[in-house]
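Asker: This is the structure I have questions about; it appears just below.
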Amino acid sequence: MHQLRYLIKTYGCQMNERDSEIMAGQLDQLGYQATFSEADADLIVVNTCAVRKSAEDHALGYIGQLRQVKMERPEVTIAVAGCMAQEPGTIAWLTKHAPQVDVVFGTHNLHQLPELLERAEHSDEMIVDVWQSAGEVVEHLPSRRKDGVRAFVNIIYGCDKFCTYCIVPFTRGKERSREMQPIIAEVQALARQGFQDVTVLGQNVNSYGHDLDPARDLADLLRELEKIDGIRWLRYTTSHPRDFSQKLIDTIAASNKITRHVHLPVQAGSNPILKRMNRKYTKESYLDLIARVKSRIPDASLTTDIIVGFPGESEADFEQTLELVRTVRYDAAFTFIYSAREKTPAARWEGRDPVPPQVKKDRLNRLMELQYKISLEANQALIGRQQLVLVEGVSKKSARIWAGRTQSNKVVLIDRDPAVDLLDRFVPVRITGAKTFYLSGHISGRPLEGPEVRRIALPMAN
Ligand code: 5AD
Ligand code: SF4
């Protein structure tokens with residue numbers, strides 16, 4: 001019998017990557033095999049992101065290319081999933097412009113993938129099954145995790161914050177936390193399989209557990225997870241400054257497993273803009289939080305997200321963002337031009353009071369220039385220090401270099417002896433060089449002894 005093959009193309013954040021792993025697990029159970037290539041795939045799933053227009057354009061471009069695949073092999077099934085599927089505009093667009101698409105499903109019903117494929121097989125029409133809101137949290141779905149020793153674990157779905165620029169509360173729904181026990185059991189199982197670097201995921205992990213009975217919080221959960229033997233590094237993403245508690249800061253400070261990388265998206269440095277973004281903090285309270293993090297966790301690496309060109313942002317507002325960046329001195333910042341998202345309040349303001357495109361670009365450039373200078377200085381300060389590095393692979397640029405990451409998520413390029421296999425190992429590295437986006441160094445000790453690492457070849461297109 002013909003072996004059915006699938007390809008999952010994933011856009012967007014780690015929540016989407018995790019969803020793709022769950023889809024892959026379900027397809028494995030149906031007897032499919034993963035492939036890298038559209039040319040020999042029987043099923044192609046496009047897991048889309050809606051956070052900015054550019055993300056949508058990438059996915060739509062790829063869906064456009066699949067028309068050719070469908071023309072050559074009409075038996076291929078093409079599915080569109082993820083955050084864009086939750087937007088009504090997308091369904092209308094696909095119906096009109098993308099007849100090659102067979103199935104559309106959303107973020108709330110990916111567990112239905114097997115039935116949807118079954119339905120598509122017996123239908124000539126596009127099957128659209130998108131739930132407007134989430135059902136109960138579904139446990140025990142199969143999943144196929146990526147290669148290596150790093151794993152993602154969902155802890156909370158959705159977001160209740162309603163920042164005025166953001167599509168996520170619409171595409172991912174209300175906050176729903178998983179119970180603590182199944183999360184602990186999942187991480188224990190991961191540790192038994194040799195995973196050592198676990199990232200707990202949510203749109204806002206800092207509000208984990210408020211909806212449980214009894215109520216829990218992220219610090220409680222991390223304290224349980226760090227007890228699990230075999231787990232070396234515990235990460236969490238993504239955070240909201242408003243809910244980043246002192247208890248969590250103290251928990252991180254006392255832990256030798258929880259990452260000292262603190263990502264605190266500030267978005268803007270001007271109070272009127274923060275207010276109109278509905279961020280629920282001020283520049284002053286944010287800076288107070290940063291000061292508390294720095295004093296309790298002096299070696300913390302700090303990163304952030306910033307949006308420039310929010311509707312009505314004046315030059316003076318923007319200069320306050322630059323000022324904040326100079327004050328905090330982030331290790332790195334993810335910087336974005338504001339992108340209007342359907343249904344959000346800010347999209348209406350963008351209609352009335354937009355920042356001109358050229359001004360947006362100019363602000364982005366000025367912000368990046370400042371941040372790059374600070375990133376370089378922060379990295380240079382690490383020269384001479386020893387860091388534990390998880391080796392993730394051979395550098396794309398040279399077979400004589402390993403690429404890895406520190407616990408604080410900095411990329412490190414390490415001199416490689418091809419005779420010694422260090423893939424997926426934790427090695428002490430002396431930092432000898434620093435650039436804006438990475439460090440370089442050489443091995444300064446033996447790799448940590450660890451469980452037998454597991455390595456499977458997992459074709460997942462990215
Ligand atoms: N336009 C630009 N950037 C956005 N982000 C979220 N929504 C938008 C938008 N409409 C950015 C925020 C967020 C990151 C994941 O994406 O900075 O923290
Ligand atoms: Fe993109 Fe947000 Fe959806 Fe993640 S949750 S895929 S960032 S829109």
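Labeling convention for the structure tokens: chains A, B, ... as they appear, residues from 1 per chain, ligands from 1 in order of appearance.
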Within 9 Å of ligand 2, which residues show up when you count only C-alpha atoms and all ligand atoms? List them as a PyMOL selection string, please.
Answerer: chain A and resi 10-17+47-52+55+82-84+107+158+166-169+171-172+202-203
Asker: Find the residues near ligand 1. Use a cut-off of 10 Å, count only C-alpha atoms and all ligand atoms, and write them as a PyMOL selection string.
Answerer: chain A and resi 12-13+50-54+163-168+203+238-240+263-268+304-310+333-342+344+346-347
Asker: Nearest residue to A:Gln371 out of A:Ser245, A:Lys343, A:Ile22, A:Phe437, using only C-alpha atoms?
Answerer: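 Of A:Ser245, A:Lys343, A:Ile22, A:Phe437, the one nearest A:Gln371, counting only C-alpha atoms, is A:Phe437.
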Asker: Separation of atom CA of A:Lys174 and atom CA of A:Pro214, in Å?
Answerer: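 Computing the Euclidean distance for atom CA of A:Lys174 and atom CA of A:Pro214 yields 18.9 Å.
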Asker: Give me the residues within 10 Å of A:Leu225 as a list in words, counting only C-alpha atoms and dropping any in the same chain fewer than 6 places off.
Answerer: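 What passes the distance filter is Met180, Ile183, Ile184, Ala185, Val187, Gln188, Val198, Val200, Ala219, Ile231, Leu234, Lys257 and Ile258 of chain A.
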Asker: Under the rule that only C-alpha atoms are counted, which of A:Gly433, A:Pro298, A:Gly25, A:Gly445 is the nearest residue to A:Leu376?
Answerer: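 Under the stated criterion, the closest residue is A:Gly433.
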Asker: One number please: atom CA of A:Cys159 to atom CA of A:Gly173, in Å, one decimal.
Answerer: 6.4 Å
Asker: From stretch 249-457 of chain A, collect each residue whose DSSP state is alpha helix (DSSP H) and return the set as a ChimeraX atom specification.
Answerer: /A:249-254,271-276,283-296,315-328,345-352,357-380
Asker: How close does each residue of stretch 126-210 of chain A get to stretch 416-427 of chain A, giving the shortest atom pair and distance in Å to one decimal for every residue with an atom at most 12 Å away, counting only C-alpha atoms, sorted by chain and residue number, as CSV?
Answerer:
residue,atom,partner,partner_atom,distance
A:Asp147,CA,A:Asp424,CA,9.4
A:Gly148,CA,A:Asp424,CA,6.0
A:Val149,CA,A:Asp424,CA,6.2
A:Arg150,CA,A:Asp424,CA,8.7
A:Gly194,CA,A:Asp424,CA,10.2
A:Phe195,CA,A:Asp424,CA,9.6
A:Gln196,CA,A:Asp424,CA,9.3
A:Asp197,CA,A:Asp424,CA,10.0
